[in-house]
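So this one's query_5.pdb, PDB, C-alpha atoms, pLDDT in the B column:
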```
MODEL        1
ATOM      1  CA  MET G1173     -21.963 -16.836 -44.679  1.00 73.00           C
ATOM      2  CA  VAL G1174     -20.209 -14.856 -41.928  1.00 82.00           C
ATOM      3  CA  PHE G1175     -18.564 -16.066 -38.731  1.00 82.00           C
ATOM      4  CA  TRP G1176     -21.263 -14.673 -36.435  1.00 84.00           C
ATOM      5  CA  GLU G1177     -24.171 -16.290 -38.309  1.00 81.00           C
ATOM      6  CA  GLY G1178     -26.118 -18.557 -35.986  1.00 78.00           C
ATOM      7  CA  TYR G1179     -24.772 -16.836 -32.885  1.00 86.00           C
ATOM      8  CA  VAL G1180     -25.995 -13.238 -33.074  1.00 90.00           C
ATOM      9  CA  SER G1181     -28.113 -11.360 -35.586  1.00 91.00           C
ATOM     10  CA  ASP G1182     -26.690  -8.981 -38.177  1.00 91.00           C
ATOM     11  CA  GLU G1183     -28.582  -6.185 -36.414  1.00 92.00           C
ATOM     12  CA  VAL G1184     -26.851  -6.882 -33.100  1.00 93.00           C
ATOM     13  CA  MET G1185     -23.492  -7.037 -34.857  1.00 94.00           C
ATOM     14  CA  GLY G1186     -24.234  -3.769 -36.657  1.00 93.00           C
ATOM     15  CA  THR G1187     -25.001  -2.142 -33.316  1.00 94.00           C
ATOM     16  CA  PHE G1188     -22.086  -3.377 -31.218  1.00 96.00           C
ATOM     17  CA  ALA G1189     -19.293  -4.490 -33.577  1.00 96.00           C
ATOM     18  CA  PRO G1190     -18.213  -0.909 -34.450  1.00 97.00           C
ATOM     19  CA  ILE G1191     -17.893  -0.120 -30.736  1.00 97.00           C
ATOM     20  CA  VAL G1192     -15.799  -3.227 -30.068  1.00 97.00           C
ATOM     21  CA  VAL G1193     -13.644  -2.521 -33.129  1.00 98.00           C
ATOM     22  CA  TYR G1194     -13.119   1.061 -31.962  1.00 98.00           C
ATOM     23  CA  TRP G1195     -11.681   0.015 -28.625  1.00 98.00           C
ATOM     24  CA  LEU G1196      -9.630  -2.819 -30.089  1.00 98.00           C
ATOM     25  CA  TYR G1197      -8.023  -0.622 -32.760  1.00 98.00           C
ATOM     26  CA  ALA G1198      -7.642   2.470 -30.580  1.00 98.00           C
ATOM     27  CA  GLY G1199      -6.383   0.269 -27.740  1.00 97.00           C
ATOM     28  CA  PHE G1200      -3.769  -1.198 -30.083  1.00 96.00           C
ATOM     29  CA  TYR G1201      -2.396   2.284 -30.737  1.00 96.00           C
ATOM     30  CA  GLN G1202      -2.603   3.204 -27.065  1.00 94.00           C
ATOM     31  CA  LEU G1203      -0.539   0.151 -26.065  1.00 95.00           C
ATOM     32  CA  LEU G1204       2.212   0.730 -28.614  1.00 95.00           C
ATOM     33  CA  PRO G1205       5.611   1.841 -27.292  1.00 93.00           C
ATOM     34  CA  PRO G1206       6.359   5.589 -27.636  1.00 88.00           C
ATOM     35  CA  MET G1207       7.240   5.299 -31.361  1.00 93.00           C
ATOM     36  CA  ASP G1208       8.938   8.716 -31.232  1.00 94.00           C
ATOM     37  CA  LYS G1209      10.446   8.404 -34.688  1.00 95.00           C
ATOM     38  CA  TYR G1210       6.988   8.125 -36.254  1.00 97.00           C
ATOM     39  CA  ARG G1211       5.053  10.673 -34.182  1.00 97.00           C
ATOM     40  CA  LEU G1212       3.578  13.802 -35.797  1.00 96.00           C
ATOM     41  CA  HIS G1213       3.918  15.583 -32.444  1.00 95.00           C
ATOM     42  CA  THR G1214       6.304  15.003 -29.576  1.00 94.00           C
ATOM     43  CA  ARG G1215       4.963  13.626 -26.314  1.00 92.00           C
ATOM     44  CA  LYS G1216       5.924  16.951 -24.733  1.00 93.00           C
ATOM     45  CA  GLU G1217       3.639  18.745 -27.213  1.00 93.00           C
ATOM     46  CA  GLU G1218       0.804  16.332 -26.506  1.00 94.00           C
ATOM     47  CA  ASN G1219       1.033  16.921 -22.768  1.00 93.00           C
ATOM     48  CA  ALA G1220       1.367  20.696 -23.121  1.00 94.00           C
ATOM     49  CA  LYS G1221      -1.245  21.419 -25.792  1.00 94.00           C
ATOM     50  CA  ASN G1222      -4.076  19.004 -25.028  1.00 95.00           C
ATOM     51  CA  LEU G1223      -6.630  20.505 -22.674  1.00 95.00           C
ATOM     52  CA  VAL G1224      -8.419  17.384 -21.442  1.00 96.00           C
ATOM     53  CA  PRO G1225      -7.111  14.309 -19.572  1.00 96.00           C
ATOM     54  CA  LEU G1226      -7.349  10.805 -20.981  1.00 96.00           C
ATOM     55  CA  ALA G1227      -9.952   9.724 -18.399  1.00 97.00           C
ATOM     56  CA  SER G1228     -12.347  12.468 -19.531  1.00 97.00           C
ATOM     57  CA  VAL G1229     -11.759  11.509 -23.160  1.00 97.00           C
ATOM     58  CA  VAL G1230     -12.665   7.883 -22.443  1.00 97.00           C
ATOM     59  CA  LYS G1231     -15.853   8.940 -20.646  1.00 97.00           C
ATOM     60  CA  GLY G1232     -16.802  11.229 -23.529  1.00 97.00           C
ATOM     61  CA  VAL G1233     -16.294   8.499 -26.116  1.00 97.00           C
ATOM     62  CA  LEU G1234     -18.329   5.982 -24.097  1.00 97.00           C
ATOM     63  CA  LEU G1235     -21.189   8.485 -23.818  1.00 96.00           C
ATOM     64  CA  GLN G1236     -21.213   9.032 -27.586  1.00 95.00           C
ATOM     65  CA  GLN G1237     -21.150   5.290 -28.201  1.00 96.00           C
ATOM     66  CA  PHE G1238     -24.114   4.805 -25.868  1.00 96.00           C
ATOM     67  CA  PHE G1239     -26.209   7.183 -27.988  1.00 94.00           C
ATOM     68  CA  GLN G1240     -24.773   5.633 -31.157  1.00 94.00           C
ATOM     69  CA  ALA G1241     -25.803   2.120 -30.101  1.00 95.00           C
ATOM     70  CA  THR G1242     -29.287   3.302 -29.105  1.00 95.00           C
ATOM     71  CA  VAL G1243     -29.905   4.964 -32.461  1.00 94.00           C
ATOM     72  CA  ALA G1244     -28.442   2.005 -34.369  1.00 92.00           C
ATOM     73  CA  HIS G1245     -30.721  -0.419 -32.521  1.00 91.00           C
ATOM     74  CA  LEU G1246     -33.778   1.709 -33.337  1.00 92.00           C
ATOM     75  CA  LEU G1247     -32.673   2.047 -36.963  1.00 90.00           C
ATOM     76  CA  PHE G1248     -32.375  -1.702 -37.441  1.00 90.00           C
ATOM     77  CA  LEU G1249     -35.721  -2.292 -35.720  1.00 87.00           C
ATOM     78  CA  LEU G1250     -37.444   0.143 -38.069  1.00 88.00           C
ATOM     79  CA  THR G1251     -35.774  -1.102 -41.249  1.00 86.00           C
ATOM     80  CA  CYS G1252     -35.805  -4.843 -40.616  1.00 76.00           C
ATOM     81  CA  LYS G1253     -38.376  -6.311 -43.019  1.00 64.00           C
ATOM     82  CA  VAL G1254     -38.248  -9.960 -42.055  1.00 52.00           C
ATOM     83  CA  THR G1255     -39.267 -12.004 -39.048  1.00 50.00           C
ATOM     84  CA  THR G1256     -36.821 -14.036 -36.996  1.00 52.00           C
ATOM     85  CA  SER G1257     -37.815 -17.169 -38.931  1.00 51.00           C
ATOM     86  CA  GLU G1258     -36.974 -15.665 -42.311  1.00 65.00           C
ATOM     87  CA  THR G1259     -33.607 -15.188 -43.963  1.00 76.00           C
ATOM     88  CA  VAL G1260     -32.449 -11.910 -45.499  1.00 82.00           C
ATOM     89  CA  VAL G1261     -31.265 -12.354 -49.074  1.00 88.00           C
ATOM     90  CA  GLN G1262     -27.857 -10.737 -49.232  1.00 91.00           C
ATOM     91  CA  PRO G1263     -26.861  -8.844 -52.390  1.00 94.00           C
ATOM     92  CA  SER G1264     -23.900  -9.989 -54.463  1.00 96.00           C
ATOM     93  CA  ILE G1265     -20.385  -8.896 -53.535  1.00 95.00           C
ATOM     94  CA  PRO G1266     -20.180  -6.319 -56.385  1.00 97.00           C
ATOM     95  CA  VAL G1267     -23.490  -4.790 -55.290  1.00 97.00           C
ATOM     96  CA  GLN G1268     -22.280  -4.596 -51.690  1.00 97.00           C
ATOM     97  CA  ILE G1269     -19.068  -2.891 -52.827  1.00 97.00           C
ATOM     98  CA  VAL G1270     -21.094  -0.287 -54.750  1.00 98.00           C
ATOM     99  CA  GLN G1271     -23.321   0.245 -51.708  1.00 98.00           C
ATOM    100  CA  ILE G1272     -20.297   0.779 -49.471  1.00 98.00           C
ATOM    101  CA  ILE G1273     -18.800   3.302 -51.919  1.00 98.00           C
ATOM    102  CA  ILE G1274     -22.136   5.159 -52.040  1.00 98.00           C
ATOM    103  CA  ALA G1275     -22.274   5.138 -48.237  1.00 98.00           C
ATOM    104  CA  MET G1276     -18.724   6.517 -48.082  1.00 98.00           C
ATOM    105  CA  LEU G1277     -19.641   9.398 -50.389  1.00 98.00           C
ATOM    106  CA  VAL G1278     -22.855  10.135 -48.473  1.00 98.00           C
ATOM    107  CA  MET G1279     -21.047  10.120 -45.130  1.00 98.00           C
ATOM    108  CA  ASP G1280     -18.289  12.354 -46.467  1.00 98.00           C
ATOM    109  CA  THR G1281     -20.838  14.822 -47.836  1.00 98.00           C
ATOM    110  CA  TRP G1282     -22.836  14.969 -44.610  1.00 98.00           C
ATOM    111  CA  GLN G1283     -19.795  15.280 -42.392  1.00 97.00           C
ATOM    112  CA  TYR G1284     -18.093  17.917 -44.543  1.00 98.00           C
ATOM    113  CA  PHE G1285     -20.992  20.350 -44.476  1.00 98.00           C
ATOM    114  CA  VAL G1286     -21.969  19.783 -40.836  1.00 97.00           C
ATOM    115  CA  HIS G1287     -18.324  19.926 -39.746  1.00 97.00           C
ATOM    116  CA  ARG G1288     -17.638  23.090 -41.726  1.00 97.00           C
ATOM    117  CA  TYR G1289     -20.764  24.798 -40.398  1.00 97.00           C
ATOM    118  CA  MET G1290     -19.722  23.987 -36.842  1.00 97.00           C
ATOM    119  CA  HIS G1291     -16.533  25.933 -37.485  1.00 97.00           C
ATOM    120  CA  GLN G1292     -18.246  28.854 -39.197  1.00 96.00           C
ATOM    121  CA  ASN G1293     -21.013  29.281 -36.622  1.00 97.00           C
ATOM    122  CA  LYS G1294     -19.304  30.853 -33.599  1.00 96.00           C
ATOM    123  CA  PHE G1295     -21.973  29.659 -31.155  1.00 97.00           C
ATOM    124  CA  LEU G1296     -21.775  26.047 -32.341  1.00 96.00           C
ATOM    125  CA  TYR G1297     -18.000  26.096 -32.338  1.00 96.00           C
ATOM    126  CA  ARG G1298     -17.684  27.639 -28.892  1.00 96.00           C
ATOM    127  CA  HIS G1299     -20.283  25.479 -27.183  1.00 96.00           C
ATOM    128  CA  ILE G1300     -20.132  22.210 -29.144  1.00 96.00           C
ATOM    129  CA  HIS G1301     -17.355  21.541 -31.649  1.00 97.00           C
ATOM    130  CA  SER G1302     -14.556  23.106 -29.618  1.00 96.00           C
ATOM    131  CA  GLN G1303     -14.738  20.077 -27.309  1.00 96.00           C
ATOM    132  CA  HIS G1304     -13.206  17.904 -30.038  1.00 96.00           C
ATOM    133  CA  HIS G1305     -10.500  20.502 -30.669  1.00 96.00           C
ATOM    134  CA  ARG G1306      -9.440  20.450 -27.037  1.00 96.00           C
ATOM    135  CA  LEU G1307      -7.249  17.646 -28.355  1.00 96.00           C
ATOM    136  CA  VAL G1308      -4.900  19.859 -30.346  1.00 95.00           C
ATOM    137  CA  VAL G1309      -2.623  16.844 -30.668  1.00 96.00           C
ATOM    138  CA  PRO G1310      -4.944  13.991 -31.698  1.00 95.00           C
ATOM    139  CA  TYR G1311      -4.529  10.425 -30.518  1.00 96.00           C
ATOM    140  CA  ALA G1312      -6.433   7.265 -31.382  1.00 97.00           C
ATOM    141  CA  ILE G1313      -8.723   6.909 -28.355  1.00 97.00           C
ATOM    142  CA  GLY G1314      -9.844  10.531 -28.803  1.00 97.00           C
ATOM    143  CA  ALA G1315     -11.120  10.005 -32.349  1.00 97.00           C
ATOM    144  CA  LEU G1316     -14.751  10.104 -31.160  1.00 97.00           C
ATOM    145  CA  TYR G1317     -14.256  12.554 -28.309  1.00 97.00           C
ATOM    146  CA  ASN G1318     -17.047  14.981 -29.128  1.00 96.00           C
ATOM    147  CA  HIS G1319     -19.804  16.936 -27.474  1.00 96.00           C
ATOM    148  CA  PRO G1320     -22.796  14.526 -27.277  1.00 94.00           C
ATOM    149  CA  LEU G1321     -24.832  16.718 -29.635  1.00 95.00           C
ATOM    150  CA  GLU G1322     -22.025  16.752 -32.186  1.00 96.00           C
ATOM    151  CA  GLY G1323     -21.662  12.992 -31.914  1.00 94.00           C
ATOM    152  CA  LEU G1324     -25.363  12.645 -32.611  1.00 93.00           C
ATOM    153  CA  LEU G1325     -25.463  15.123 -35.520  1.00 93.00           C
ATOM    154  CA  LEU G1326     -22.143  14.453 -37.198  1.00 94.00           C
ATOM    155  CA  ASP G1327     -21.434  10.754 -36.692  1.00 94.00           C
ATOM    156  CA  THR G1328     -24.672   9.003 -35.751  1.00 94.00           C
ATOM    157  CA  PHE G1329     -27.039  10.827 -38.117  1.00 95.00           C
ATOM    158  CA  GLY G1330     -24.382  10.680 -40.835  1.00 96.00           C
ATOM    159  CA  GLY G1331     -24.229   6.922 -40.388  1.00 95.00           C
ATOM    160  CA  VAL G1332     -28.021   6.603 -40.511  1.00 95.00           C
ATOM    161  CA  LEU G1333     -28.185   8.647 -43.710  1.00 97.00           C
ATOM    162  CA  SER G1334     -25.391   6.616 -45.325  1.00 97.00           C
ATOM    163  CA  PHE G1335     -27.132   3.365 -44.440  1.00 96.00           C
ATOM    164  CA  LEU G1336     -30.522   4.475 -45.803  1.00 96.00           C
ATOM    165  CA  VAL G1337     -29.285   6.101 -49.023  1.00 97.00           C
ATOM    166  CA  ALA G1338     -26.991   3.192 -49.908  1.00 97.00           C
ATOM    167  CA  GLY G1339     -29.828   0.708 -49.284  1.00 95.00           C
ATOM    168  CA  MET G1340     -27.515  -1.775 -47.607  1.00 95.00           C
ATOM    169  CA  THR G1341     -28.538  -4.702 -45.439  1.00 94.00           C
ATOM    170  CA  ALA G1342     -27.570  -4.909 -41.782  1.00 93.00           C
ATOM    171  CA  ARG G1343     -24.805  -7.367 -42.712  1.00 94.00           C
ATOM    172  CA  THR G1344     -23.247  -4.961 -45.196  1.00 96.00           C
ATOM    173  CA  ALA G1345     -23.636  -2.202 -42.608  1.00 96.00           C
ATOM    174  CA  VAL G1346     -21.448  -4.191 -40.185  1.00 96.00           C
ATOM    175  CA  ILE G1347     -18.608  -4.067 -42.725  1.00 96.00           C
ATOM    176  CA  PHE G1348     -19.134  -0.409 -43.592  1.00 97.00           C
ATOM    177  CA  PHE G1349     -19.428   0.931 -40.050  1.00 97.00           C
ATOM    178  CA  CYS G1350     -16.457  -1.094 -38.801  1.00 97.00           C
ATOM    179  CA  PHE G1351     -14.376   0.184 -41.723  1.00 97.00           C
ATOM    180  CA  ALA G1352     -15.480   3.771 -41.026  1.00 97.00           C
ATOM    181  CA  VAL G1353     -14.508   3.383 -37.361  1.00 98.00           C
ATOM    182  CA  VAL G1354     -11.064   2.008 -38.183  1.00 98.00           C
ATOM    183  CA  LYS G1355     -10.459   4.823 -40.679  1.00 98.00           C
ATOM    184  CA  THR G1356     -11.558   7.483 -38.178  1.00 97.00           C
ATOM    185  CA  VAL G1357      -9.328   6.079 -35.433  1.00 98.00           C
ATOM    186  CA  ASP G1358      -6.388   5.881 -37.817  1.00 97.00           C
ATOM    187  CA  ASP G1359      -6.873   9.506 -38.900  1.00 97.00           C
ATOM    188  CA  HIS G1360      -6.466  10.546 -35.267  1.00 97.00           C
ATOM    189  CA  CYS G1361      -3.658   8.179 -34.269  1.00 97.00           C
ATOM    190  CA  GLY G1362      -0.918  10.826 -34.552  1.00 96.00           C
ATOM    191  CA  LEU G1363       1.568   8.394 -36.084  1.00 97.00           C
ATOM    192  CA  TRP G1364       3.012   8.290 -39.597  1.00 96.00           C
ATOM    193  CA  LEU G1365       3.802   4.596 -39.720  1.00 94.00           C
ATOM    194  CA  PRO G1366       5.555   3.035 -42.742  1.00 93.00           C
ATOM    195  CA  GLY G1367       3.302   0.780 -44.802  1.00 93.00           C
ATOM    196  CA  ASN G1368       0.058   2.123 -43.330  1.00 96.00           C
ATOM    197  CA  ILE G1369      -2.490   1.221 -46.043  1.00 96.00           C
ATOM    198  CA  PHE G1370      -4.666   4.234 -45.220  1.00 96.00           C
ATOM    199  CA  HIS G1371      -1.731   6.531 -45.976  1.00 94.00           C
ATOM    200  CA  LEU G1372      -1.149   4.712 -49.249  1.00 93.00           C
ATOM    201  CA  PHE G1373      -4.739   4.708 -50.538  1.00 94.00           C
ATOM    202  CA  PHE G1374      -6.295   7.818 -48.974  1.00 96.00           C
ATOM    203  CA  GLN G1375      -5.087  11.383 -49.362  1.00 94.00           C
ATOM    204  CA  ASN G1376      -7.339  12.173 -46.411  1.00 95.00           C
ATOM    205  CA  ASN G1377      -5.231  10.512 -43.737  1.00 96.00           C
ATOM    206  CA  THR G1378      -3.496  11.044 -40.404  1.00 96.00           C
ATOM    207  CA  ALA G1379      -1.340  13.981 -41.517  1.00 96.00           C
ATOM    208  CA  TYR G1380      -4.202  15.532 -43.518  1.00 96.00           C
ATOM    209  CA  HIS G1381      -6.433  15.591 -40.446  1.00 96.00           C
ATOM    210  CA  ASP G1382      -3.582  16.641 -38.189  1.00 96.00           C
ATOM    211  CA  ILE G1383      -3.404  19.876 -40.209  1.00 95.00           C
ATOM    212  CA  HIS G1384      -7.041  20.553 -39.332  1.00 96.00           C
ATOM    213  CA  HIS G1385      -6.329  20.099 -35.604  1.00 94.00           C
ATOM    214  CA  GLN G1386      -3.448  22.575 -35.703  1.00 91.00           C
ATOM    215  CA  LEU G1387      -4.397  26.119 -34.676  1.00 84.00           C
ATOM    216  CA  GLN G1388      -3.426  27.545 -38.075  1.00 86.00           C
ATOM    217  CA  GLY G1389      -5.325  24.821 -39.932  1.00 89.00           C
ATOM    218  CA  THR G1390      -8.771  24.842 -38.307  1.00 91.00           C
ATOM    219  CA  LYS G1391     -10.351  26.574 -41.323  1.00 93.00           C
ATOM    220  CA  PHE G1392      -9.035  23.973 -43.748  1.00 95.00           C
ATOM    221  CA  ASN G1393      -9.231  20.240 -44.466  1.00 96.00           C
ATOM    222  CA  TYR G1394     -12.736  19.712 -43.096  1.00 97.00           C
ATOM    223  CA  SER G1395     -13.299  16.543 -45.119  1.00 96.00           C
ATOM    224  CA  GLN G1396     -13.658  13.319 -43.163  1.00 94.00           C
ATOM    225  CA  PRO G1397     -13.397  10.396 -42.899  1.00 96.00           C
ATOM    226  CA  PHE G1398     -12.624   9.092 -46.388  1.00 97.00           C
ATOM    227  CA  PHE G1399     -11.943  11.498 -49.244  1.00 96.00           C
ATOM    228  CA  SER G1400     -10.819  15.100 -49.758  1.00 96.00           C
ATOM    229  CA  ILE G1401     -13.305  15.786 -52.581  1.00 96.00           C
ATOM    230  CA  TRP G1402     -15.365  18.524 -50.907  1.00 97.00           C
ATOM    231  CA  ASP G1403     -12.310  20.402 -49.638  1.00 97.00           C
ATOM    232  CA  LYS G1404     -10.938  20.532 -53.170  1.00 97.00           C
ATOM    233  CA  LEU G1405     -14.258  21.510 -54.763  1.00 97.00           C
ATOM    234  CA  LEU G1406     -15.066  24.254 -52.261  1.00 97.00           C
ATOM    235  CA  GLY G1407     -11.669  25.803 -51.679  1.00 96.00           C
ATOM    236  CA  THR G1408     -10.926  24.534 -48.172  1.00 96.00           C
ATOM    237  CA  TYR G1409      -8.201  22.109 -49.198  1.00 95.00           C
ATOM    238  CA  ARG G1410      -4.711  22.954 -48.030  1.00 93.00           C
ATOM    239  CA  PRO G1411      -1.748  20.776 -48.978  1.00 92.00           C
ATOM    240  CA  TYR G1412       0.981  19.998 -46.493  1.00 93.00           C
ATOM    241  CA  ARG G1413       4.453  18.578 -46.428  1.00 94.00           C
ATOM    242  CA  LEU G1414       5.949  16.168 -43.951  1.00 95.00           C
ATOM    243  CA  VAL G1415       9.193  17.413 -42.437  1.00 95.00           C
ATOM    244  CA  LYS G1416      11.494  15.222 -40.378  1.00 95.00           C
ATOM    245  CA  ARG G1417      12.229  16.653 -36.951  1.00 93.00           C
ATOM    246  CA  PRO G1418      15.890  16.579 -35.856  1.00 91.00           C
ATOM    247  CA  GLU G1419      14.919  14.870 -32.590  1.00 89.00           C
ATOM    248  CA  GLY G1420      12.893  12.238 -34.468  1.00 91.00           C
ATOM    249  CA  GLY G1421       9.437  11.944 -35.894  1.00 95.00           C
ATOM    250  CA  PHE G1422       7.653  14.131 -38.413  1.00 95.00           C
ATOM    251  CA  GLU G1423       5.839  17.433 -38.563  1.00 95.00           C
ATOM    252  CA  ALA G1424       2.926  18.113 -40.936  1.00 94.00           C
ATOM    253  CA  ARG G1425       3.367  21.688 -42.156  1.00 93.00           C
ATOM    254  CA  LEU G1426       0.886  23.714 -44.141  1.00 90.00           C
ATOM    255  CA  MET G1427       2.212  24.707 -47.540  1.00 86.00           C
ATOM    256  CA  LYS G1428       1.754  28.386 -48.268  1.00 73.00           C
ATOM    257  CA  ASP G1429      -0.256  29.503 -51.311  1.00 59.00           C
TER
ENDMDL
END
```
Translate the structure of the given file into structure tokens.
Amino acid sequence: MVFWEGYVSDEVMGTFAPIVVYWLYAGFYQLLPPMDKYRLHTRKEENAKNLVPLASVVKGVLLQQFFQATVAHLLFLLTCKVTTSETVVQPSIPVQIVQIIIAMLVMDTWQYFVHRYMHQNKFLYRHIHSQHHRLVVPYAIGALYNHPLEGLLLDTFGGVLSFLVAGMTARTAVIFFCFAVVKTVDDHCGLWLPGNIFHLFFQNNTAYHDIHHQLQGTKFNYSQPFFSIWDKLLGTYRPYRLVKRPEGGFEARLMKD
């Protein structure tokens, strides 16, 4: 039993919970004090290098989430196999864990190859993917700041594919999609906070993705949002080291071959 049972359906939660979680988690980072001693870039760098104002970023994210919610609603309508009077039999916890791991691997695979191709194809990069890279210095609210077509291809279709291949129920999908959203926001937060569990358990983390947003790192570290498997298998992985800045904070630097 889950806390929303009897109030809203799993399908409604699967559609809207990831959006609510996005703004709660990204909003948490946005409302933090400056945290200069944990930043991967100074505030001066953020203001100088980023090419789009916060208001435009918020509008872009909301547009992507509108399409995301529409597709999610259609997906659940098409895959729901029971009537409102019936109850979906939920798989056991171990089965749900396996399904989530499968979904993570599927999403990583889809996003790696689509993401990499958007960098290699000059037309797609110039007209579509470059919008995301207008945030040279990433921050949490901008995690899903993409061209609408990229949001549809990379994130929404990747989520649909993960859901279908893993064979999860709508209830399991709520957990998976909310987790994926939190991980994606954290990867873009621009802070190297002590005790961050994503930094402890995932090599693909805030600093790893920061390398990809740097001008010298755009051809590396394509993997997102969970593992670095495909980068390592296909030669696009580049290690980095964290260097403390004299004025406070850290800098993620590419390590030379």
Given the PyMOL selection byres ((chain G and resi 1232) around 12), the residues it picks as a short mmCIF file (atom, residue, chain, number, x, y, z; two decimals) with C-alpha atoms, in the coordinates of the input:
```
data_model
loop_
_atom_site.label_atom_id
_atom_site.label_comp_id
_atom_site.auth_asym_id
_atom_site.auth_seq_id
_atom_site.Cartn_x
_atom_site.Cartn_y
_atom_site.Cartn_z
CA VAL G 1224 -8.42 17.38 -21.44
CA PRO G 1225 -7.11 14.31 -19.57
CA LEU G 1226 -7.35 10.80 -20.98
CA ALA G 1227 -9.95 9.72 -18.40
CA SER G 1228 -12.35 12.47 -19.53
CA VAL G 1229 -11.76 11.51 -23.16
CA VAL G 1230 -12.66 7.88 -22.44
CA LYS G 1231 -15.85 8.94 -20.65
CA VAL G 1233 -16.29 8.50 -26.12
CA LEU G 1234 -18.33 5.98 -24.10
CA LEU G 1235 -21.19 8.48 -23.82
CA GLN G 1236 -21.21 9.03 -27.59
CA GLN G 1237 -21.15 5.29 -28.20
CA PHE G 1238 -24.11 4.80 -25.87
CA PHE G 1239 -26.21 7.18 -27.99
CA GLN G 1303 -14.74 20.08 -27.31
CA HIS G 1304 -13.21 17.90 -30.04
CA ILE G 1313 -8.72 6.91 -28.36
CA GLY G 1314 -9.84 10.53 -28.80
CA ALA G 1315 -11.12 10.01 -32.35
CA LEU G 1316 -14.75 10.10 -31.16
CA TYR G 1317 -14.26 12.55 -28.31
CA ASN G 1318 -17.05 14.98 -29.13
CA HIS G 1319 -19.80 16.94 -27.47
CA PRO G 1320 -22.80 14.53 -27.28
CA LEU G 1321 -24.83 16.72 -29.64
CA GLU G 1322 -22.02 16.75 -32.19
CA GLY G 1323 -21.66 12.99 -31.91
#
```
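If you count all atoms listed in the file and ignore residues fewer than 4 places along the chain from region 1401-1408 of chain G, what sits within 10 Å of it is Leu1277, Asp1280, Thr1281, Tyr1284, Phe1285, Arg1288, Gln1375, Asn1376, Gly1389, Lys1391, Phe1392, Asn1393, Tyr1394, Ser1395 and Gln1396 of chain G.
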Which residue, G:Pro1411, G:Ala1244, G:Ile1300, G:Gln1268, has the smallest gap to Ile1191 (chain G) when you use all atoms listed in the file?
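Nearest to Ile1191 (chain G): G:Ala1244.
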Using the chain letters and numbers from the file, give me the residues hit by the PyMOL selection byres ((chain G and resi 1351-1359) around 7), as number ranges by chain.
G: 1190, 1194, 1197-1198, 1312, 1315, 1347-1350, 1360-1361, 1377-1378, 1381, 1397
Counting only C-alpha atoms, which residue out of G:Leu1247, G:Ile1383, G:Val1192, G:Val1309 sits closest to Val1332 (chain G)?
G:Leu1247
Find, counting all atoms listed in the file, the residue in G:Ala1345, G:Val1270, G:Val1286, G:Ala1379 that gets nearest to Pro1310 (chain G).
G:Ala1379
Could you jot down the CA of Leu1249 (chain G) to CA of Val1184 (chain G) separation for me, Å, one decimal place?
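Separation of CA of Leu1249 (chain G) and CA of Val1184 (chain G): 10.3 Å.
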